[in-house]
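Pasting upload.pdb here (PDB, C-alpha atoms, pLDDT in the B column):
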ATOM      1  CA  MET A   8      -2.463  -5.278  -6.754  1.00 92.00           C
ATOM      2  CA  ALA A   9      -5.636  -6.056  -4.833  1.00 90.00           C
ATOM      3  CA  LYS A  10      -6.586  -9.645  -4.071  1.00 93.00           C
ATOM      4  CA  ARG A  11      -9.977 -11.084  -3.270  1.00 93.00           C
ATOM      5  CA  LEU A  12     -10.426 -13.035  -0.037  1.00 92.00           C
ATOM      6  CA  GLN A  13     -13.407 -15.267   0.597  1.00 95.00           C
ATOM      7  CA  VAL A  14     -14.276 -16.214   4.176  1.00 94.00           C
ATOM      8  CA  ILE A  15     -17.092 -18.593   5.039  1.00 96.00           C
ATOM      9  CA  LEU A  16     -18.942 -17.687   8.244  1.00 96.00           C
ATOM     10  CA  GLN A  17     -21.756 -19.285  10.152  1.00 97.00           C
ATOM     11  CA  ASP A  18     -25.005 -17.279   9.953  1.00 97.00           C
ATOM     12  CA  PRO A  19     -24.859 -15.993  13.552  1.00 95.00           C
ATOM     13  CA  ASP A  20     -21.283 -14.759  13.082  1.00 96.00           C
ATOM     14  CA  TYR A  21     -22.168 -13.080   9.794  1.00 97.00           C
ATOM     15  CA  ARG A  22     -25.192 -11.332  11.328  1.00 97.00           C
ATOM     16  CA  GLU A  23     -23.114 -10.081  14.245  1.00 97.00           C
ATOM     17  CA  ILE A  24     -20.462  -8.622  11.919  1.00 97.00           C
ATOM     18  CA  GLN A  25     -23.206  -7.143   9.746  1.00 97.00           C
ATOM     19  CA  LYS A  26     -24.715  -5.375  12.793  1.00 97.00           C
ATOM     20  CA  MET A  27     -21.320  -4.018  13.852  1.00 96.00           C
ATOM     21  CA  ALA A  28     -20.595  -2.730  10.346  1.00 97.00           C
ATOM     22  CA  ARG A  29     -24.016  -1.076  10.067  1.00 97.00           C
ATOM     23  CA  ALA A  30     -23.531   0.592  13.468  1.00 97.00           C
ATOM     24  CA  ARG A  31     -20.383   2.209  12.047  1.00 96.00           C
ATOM     25  CA  HIS A  32     -22.058   3.105   8.732  1.00 97.00           C
ATOM     26  CA  MET A  33     -19.693   0.967   6.683  1.00 97.00           C
ATOM     27  CA  SER A  34     -19.843  -2.066   4.491  1.00 96.00           C
ATOM     28  CA  ILE A  35     -19.051  -5.497   5.854  1.00 96.00           C
ATOM     29  CA  ALA A  36     -16.006  -5.602   3.573  1.00 95.00           C
ATOM     30  CA  GLU A  37     -14.655  -2.333   5.001  1.00 96.00           C
ATOM     31  CA  TRP A  38     -15.345  -3.481   8.566  1.00 97.00           C
ATOM     32  CA  VAL A  39     -13.426  -6.717   7.900  1.00 96.00           C
ATOM     33  CA  ARG A  40     -10.515  -4.837   6.275  1.00 96.00           C
ATOM     34  CA  GLN A  41     -10.233  -2.564   9.296  1.00 96.00           C
ATOM     35  CA  ALA A  42     -10.486  -5.503  11.716  1.00 96.00           C
ATOM     36  CA  LEU A  43      -7.718  -7.320   9.846  1.00 95.00           C
ATOM     37  CA  GLU A  44      -5.557  -4.192   9.875  1.00 94.00           C
ATOM     38  CA  ARG A  45      -5.973  -3.844  13.660  1.00 93.00           C
ATOM     39  CA  ALA A  46      -5.109  -7.517  14.106  1.00 92.00           C
ATOM     40  CA  ARG A  47      -1.952  -7.115  11.981  1.00 90.00           C
ATOM     41  CA  GLU A  48      -0.865  -4.085  14.018  1.00 87.00           C
ATOM     42  CA  ARG A  49      -1.138  -6.091  17.249  1.00 87.00           C
ATOM     43  CA  GLN A  50       0.729  -9.086  15.846  1.00 83.00           C
ATOM     44  CA  PRO A  51       4.408  -8.919  16.782  1.00 74.00           C
ATOM     45  CA  LEU A  52       6.843  -9.143  13.901  1.00 77.00           C
ATOM     46  CA  GLY A  53       9.894 -11.324  14.167  1.00 77.00           C
ATOM     47  CA  GLU A  54      10.910 -14.011  16.576  1.00 84.00           C
ATOM     48  CA  PRO A  55      10.805 -13.115  20.296  1.00 84.00           C
ATOM     49  CA  SER A  56      14.172 -14.813  20.830  1.00 88.00           C
ATOM     50  CA  LYS A  57      15.771 -12.584  18.158  1.00 88.00           C
ATOM     51  CA  LYS A  58      14.298  -9.467  19.753  1.00 86.00           C
ATOM     52  CA  LEU A  59      15.608 -10.512  23.179  1.00 90.00           C
ATOM     53  CA  GLU A  60      19.046 -11.161  21.701  1.00 91.00           C
ATOM     54  CA  ILE A  61      19.115  -7.636  20.251  1.00 89.00           C
ATOM     55  CA  VAL A  62      17.971  -6.030  23.512  1.00 89.00           C
ATOM     56  CA  ARG A  63      20.547  -7.992  25.518  1.00 92.00           C
ATOM     57  CA  ALA A  64      23.310  -7.007  23.094  1.00 91.00           C
ATOM     58  CA  ALA A  65      22.331  -3.342  23.405  1.00 89.00           C
ATOM     59  CA  ALA A  66      22.232  -3.590  27.208  1.00 88.00           C
ATOM     60  CA  ARG A  67      25.873  -4.728  27.252  1.00 90.00           C
ATOM     61  CA  HIS A  68      26.986  -1.338  25.916  1.00 87.00           C
ATOM     62  CA  GLU A  69      27.343   1.883  27.828  1.00 84.00           C
ATOM     63  CA  TYR A  70      25.605   4.855  26.309  1.00 80.00           C
ATOM     64  CA  PRO A  71      25.939   8.473  27.381  1.00 77.00           C
ATOM     65  CA  THR A  72      23.116   9.584  29.589  1.00 78.00           C
ATOM     66  CA  ALA A  73      22.244  12.367  31.970  1.00 82.00           C
ATOM     67  CA  ASP A  74      19.535  13.496  34.286  1.00 88.00           C
ATOM     68  CA  ILE A  75      16.311  13.835  32.277  1.00 91.00           C
ATOM     69  CA  ASP A  76      15.726  17.439  33.382  1.00 92.00           C
ATOM     70  CA  ARG A  77      19.257  18.377  32.305  1.00 90.00           C
ATOM     71  CA  MET A  78      18.829  16.663  28.939  1.00 88.00           C
ATOM     72  CA  LEU A  79      15.526  18.430  28.302  1.00 90.00           C
ATOM     73  CA  THR A  80      17.056  21.790  29.236  1.00 90.00           C
ATOM     74  CA  GLU A  81      19.944  21.206  26.822  1.00 87.00           C
ATOM     75  CA  ILE A  82      17.536  20.177  24.065  1.00 88.00           C
ATOM     76  CA  GLU A  83      15.428  23.291  24.593  1.00 89.00           C
ATOM     77  CA  ARG A  84      18.553  25.447  24.613  1.00 89.00           C
ATOM     78  CA  GLY A  85      19.581  23.873  21.300  1.00 86.00           C
ATOM     79  CA  TYR A  86      16.247  24.762  19.672  1.00 84.00           C
ATOM     80  CA  GLY A  87      16.943  28.453  20.201  1.00 74.00           C
ATOM     81  CA  SER A  88      20.587  28.374  19.118  1.00 71.00           C
ATOM     82  CA  GLY A  89      19.824  28.900  15.435  1.00 67.00           C
ATOM     83  CA  VAL A  90      22.100  26.012  14.457  1.00 62.00           C
ATOM     84  CA  ASP A  91      20.602  23.629  11.924  1.00 61.00           C
ATOM     85  CA  SER A  92      21.844  20.064  11.751  1.00 53.00           C
TER      86      SER A  92
END
Please render this file's structure as structure tokens.
Amino acid sequence: MAKRLQVILQDPDYREIQKMARARHMSIAEWVRQALERARERQPLGEPSKKLEIVRAAARHEYPTADIDRMLTEIERGYGSGVDS
């Protein structure tokens, strides 16, 4: 469901946003929606301490690894094997 959002701006701020929207051939509403979307994408989700805890827990384990060139060669070899997973 869509919701309406009202934001009160000072005249100079409104005019600046209006100019930016016009330069992109879009409405002010669309410009604001896109700006909010970009801001949400940059905003980290979750608590930093929780993320660090997860990374530290993962770092305590040993995972199989190999030289990157060897791994890529094996991956490429697997593509041509005809075996589907």
**Q.** Coordinates-based distance that separates CA of Ala36 (chain A) from CA of Val14 (chain A) (Å, one decimal)
**A.**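 Between these atoms lies a distance of 10.8 Å.
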Q. To one decimal place, how far is CA of Ala42 (chain A) from CA of Met27 (chain A) in Å?
A.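 Result for CA of Ala42 (chain A) versus CA of Met27 (chain A): 11.1 Å, one decimal.
Residue nearest Ile35 (chain A) within the list A:Arg63, A:Arg22, A:Arg77, A:Arg47: A:Arg22 [criterion: smallest interatomic distance, all atoms listed in the file].
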Q: One decimal, Å: what's the distance from CA of Glu81 (chain A) over to CA of His68 (chain A), could you say?
A: 23.6 Å
(Q) When you look at Leu12 (chain A) with a cut-off of 12 Å (counting only C-alpha atoms), what residues show up, excluding the ones that are within fewer than 3 positions of it in the same chain? I need them as a list in words. (A)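 Once the adjacent positions are removed, what remains is Ala9, Ile15, Ala36, Val39, Arg40 and Leu43 of chain A.
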Based on the selection just made, write C-alpha atoms of those residues as a PDB file, in the coordinates of the input.
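See part31.pdb below for the written result:
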ATOM      1  CA  ALA A   9      -5.636  -6.056  -4.833  1.00 90.00           C
ATOM      2  CA  ILE A  15     -17.092 -18.593   5.039  1.00 96.00           C
ATOM      3  CA  ALA A  36     -16.006  -5.602   3.573  1.00 95.00           C
ATOM      4  CA  VAL A  39     -13.426  -6.717   7.900  1.00 96.00           C
ATOM      5  CA  ARG A  40     -10.515  -4.837   6.275  1.00 96.00           C
ATOM      6  CA  LEU A  43      -7.718  -7.320   9.846  1.00 95.00           C
TER       7      LEU A  43
END
With N, CA and C atoms as the goal, would you fill in the gaps in region 36-62 of chain A and present it as a PDB file, keeping the file's coordinate frame?
ATOM      1  N   ALA A  36     -17.366  -5.479   4.109  1.00 95.00           N
ATOM      2  CA  ALA A  36     -16.006  -5.602   3.573  1.00 95.00           C
ATOM      3  C   ALA A  36     -15.063  -4.601   4.236  1.00 95.00           C
ATOM      4  N   GLU A  37     -15.504  -3.348   4.367  1.00 96.00           N
ATOM      5  CA  GLU A  37     -14.655  -2.333   5.001  1.00 96.00           C
ATOM      6  C   GLU A  37     -14.439  -2.658   6.477  1.00 96.00           C
ATOM      7  N   TRP A  38     -15.480  -3.109   7.157  1.00 97.00           N
ATOM      8  CA  TRP A  38     -15.345  -3.481   8.566  1.00 97.00           C
ATOM      9  C   TRP A  38     -14.308  -4.601   8.721  1.00 97.00           C
ATOM     10  N   VAL A  39     -14.373  -5.595   7.845  1.00 96.00           N
ATOM     11  CA  VAL A  39     -13.426  -6.717   7.900  1.00 96.00           C
ATOM     12  C   VAL A  39     -12.016  -6.230   7.594  1.00 96.00           C
ATOM     13  N   ARG A  40     -11.853  -5.361   6.587  1.00 96.00           N
ATOM     14  CA  ARG A  40     -10.515  -4.837   6.275  1.00 96.00           C
ATOM     15  C   ARG A  40      -9.914  -4.112   7.474  1.00 96.00           C
ATOM     16  N   GLN A  41     -10.723  -3.298   8.127  1.00 96.00           N
ATOM     17  CA  GLN A  41     -10.233  -2.564   9.296  1.00 96.00           C
ATOM     18  C   GLN A  41      -9.909  -3.511  10.454  1.00 96.00           C
ATOM     19  N   ALA A  42     -10.747  -4.528  10.657  1.00 96.00           N
ATOM     20  CA  ALA A  42     -10.486  -5.503  11.716  1.00 96.00           C
ATOM     21  C   ALA A  42      -9.188  -6.263  11.450  1.00 96.00           C
ATOM     22  N   LEU A  43      -8.961  -6.629  10.203  1.00 95.00           N
ATOM     23  CA  LEU A  43      -7.718  -7.320   9.846  1.00 95.00           C
ATOM     24  C   LEU A  43      -6.506  -6.409  10.028  1.00 95.00           C
ATOM     25  N   GLU A  44      -6.654  -5.153   9.688  1.00 94.00           N
ATOM     26  CA  GLU A  44      -5.557  -4.192   9.875  1.00 94.00           C
ATOM     27  C   GLU A  44      -5.209  -4.058  11.356  1.00 94.00           C
ATOM     28  N   ARG A  45      -6.229  -3.938  12.208  1.00 93.00           N
ATOM     29  CA  ARG A  45      -5.973  -3.844  13.660  1.00 93.00           C
ATOM     30  C   ARG A  45      -5.298  -5.113  14.172  1.00 93.00           C
ATOM     31  N   ALA A  46      -5.713  -6.251  13.688  1.00 92.00           N
ATOM     32  CA  ALA A  46      -5.109  -7.517  14.106  1.00 92.00           C
ATOM     33  C   ALA A  46      -3.651  -7.583  13.671  1.00 92.00           C
ATOM     34  N   ARG A  47      -3.347  -7.119  12.460  1.00 90.00           N
ATOM     35  CA  ARG A  47      -1.952  -7.115  11.981  1.00 90.00           C
ATOM     36  C   ARG A  47      -1.084  -6.194  12.812  1.00 90.00           C
ATOM     37  N   GLU A  48      -1.629  -5.036  13.211  1.00 87.00           N
ATOM     38  CA  GLU A  48      -0.865  -4.085  14.018  1.00 87.00           C
ATOM     39  C   GLU A  48      -0.516  -4.663  15.386  1.00 87.00           C
ATOM     40  N   ARG A  49      -1.383  -5.497  15.929  1.00 87.00           N
ATOM     41  CA  ARG A  49      -1.138  -6.091  17.249  1.00 87.00           C
ATOM     42  C   ARG A  49      -0.224  -7.298  17.184  1.00 87.00           C
ATOM     43  N   GLN A  50      -0.088  -7.874  16.013  1.00 83.00           N
ATOM     44  CA  GLN A  50       0.729  -9.086  15.846  1.00 83.00           C
ATOM     45  C   GLN A  50       2.206  -8.712  15.847  1.00 83.00           C
ATOM     46  N   PRO A  51       2.979  -9.254  16.772  1.00 74.00           N
ATOM     47  CA  PRO A  51       4.408  -8.919  16.782  1.00 74.00           C
ATOM     48  C   PRO A  51       5.108  -9.476  15.554  1.00 74.00           C
ATOM     49  N   LEU A  52       6.063  -8.713  15.054  1.00 77.00           N
ATOM     50  CA  LEU A  52       6.843  -9.143  13.901  1.00 77.00           C
ATOM     51  C   LEU A  52       8.166  -9.710  14.393  1.00 77.00           C
ATOM     52  N   GLY A  53       8.612 -10.747  13.793  1.00 77.00           N
ATOM     53  CA  GLY A  53       9.894 -11.324  14.167  1.00 77.00           C
ATOM     54  C   GLY A  53       9.780 -12.304  15.314  1.00 77.00           C
ATOM     55  N   GLU A  54      10.859 -13.011  15.513  1.00 84.00           N
ATOM     56  CA  GLU A  54      10.910 -14.011  16.576  1.00 84.00           C
ATOM     57  C   GLU A  54      11.227 -13.343  17.906  1.00 84.00           C
ATOM     58  N   PRO A  55      10.510 -13.700  18.980  1.00 84.00           N
ATOM     59  CA  PRO A  55      10.805 -13.115  20.296  1.00 84.00           C
ATOM     60  C   PRO A  55      12.249 -13.357  20.726  1.00 84.00           C
ATOM     61  N   SER A  56      12.796 -14.524  20.418  1.00 88.00           N
ATOM     62  CA  SER A  56      14.172 -14.813  20.830  1.00 88.00           C
ATOM     63  C   SER A  56      15.159 -13.865  20.139  1.00 88.00           C
ATOM     64  N   LYS A  57      14.900 -13.515  18.874  1.00 88.00           N
ATOM     65  CA  LYS A  57      15.771 -12.584  18.158  1.00 88.00           C
ATOM     66  C   LYS A  57      15.681 -11.197  18.766  1.00 88.00           C
ATOM     67  N   LYS A  58      14.471 -10.780  19.126  1.00 86.00           N
ATOM     68  CA  LYS A  58      14.298  -9.467  19.753  1.00 86.00           C
ATOM     69  C   LYS A  58      15.026  -9.412  21.094  1.00 86.00           C
ATOM     70  N   LEU A  59      14.907 -10.471  21.893  1.00 90.00           N
ATOM     71  CA  LEU A  59      15.608 -10.512  23.179  1.00 90.00           C
ATOM     72  C   LEU A  59      17.114 -10.463  22.987  1.00 90.00           C
ATOM     73  N   GLU A  60      17.618 -11.166  21.991  1.00 91.00           N
ATOM     74  CA  GLU A  60      19.046 -11.161  21.701  1.00 91.00           C
ATOM     75  C   GLU A  60      19.528  -9.742  21.392  1.00 91.00           C
ATOM     76  N   ILE A  61      18.756  -9.004  20.610  1.00 89.00           N
ATOM     77  CA  ILE A  61      19.115  -7.636  20.251  1.00 89.00           C
ATOM     78  C   ILE A  61      19.094  -6.724  21.469  1.00 89.00           C
ATOM     79  N   VAL A  62      18.073  -6.855  22.306  1.00 89.00           N
ATOM     80  CA  VAL A  62      17.971  -6.030  23.512  1.00 89.00           C
ATOM     81  C   VAL A  62      19.128  -6.344  24.459  1.00 89.00           C
TER      82      VAL A  62
END
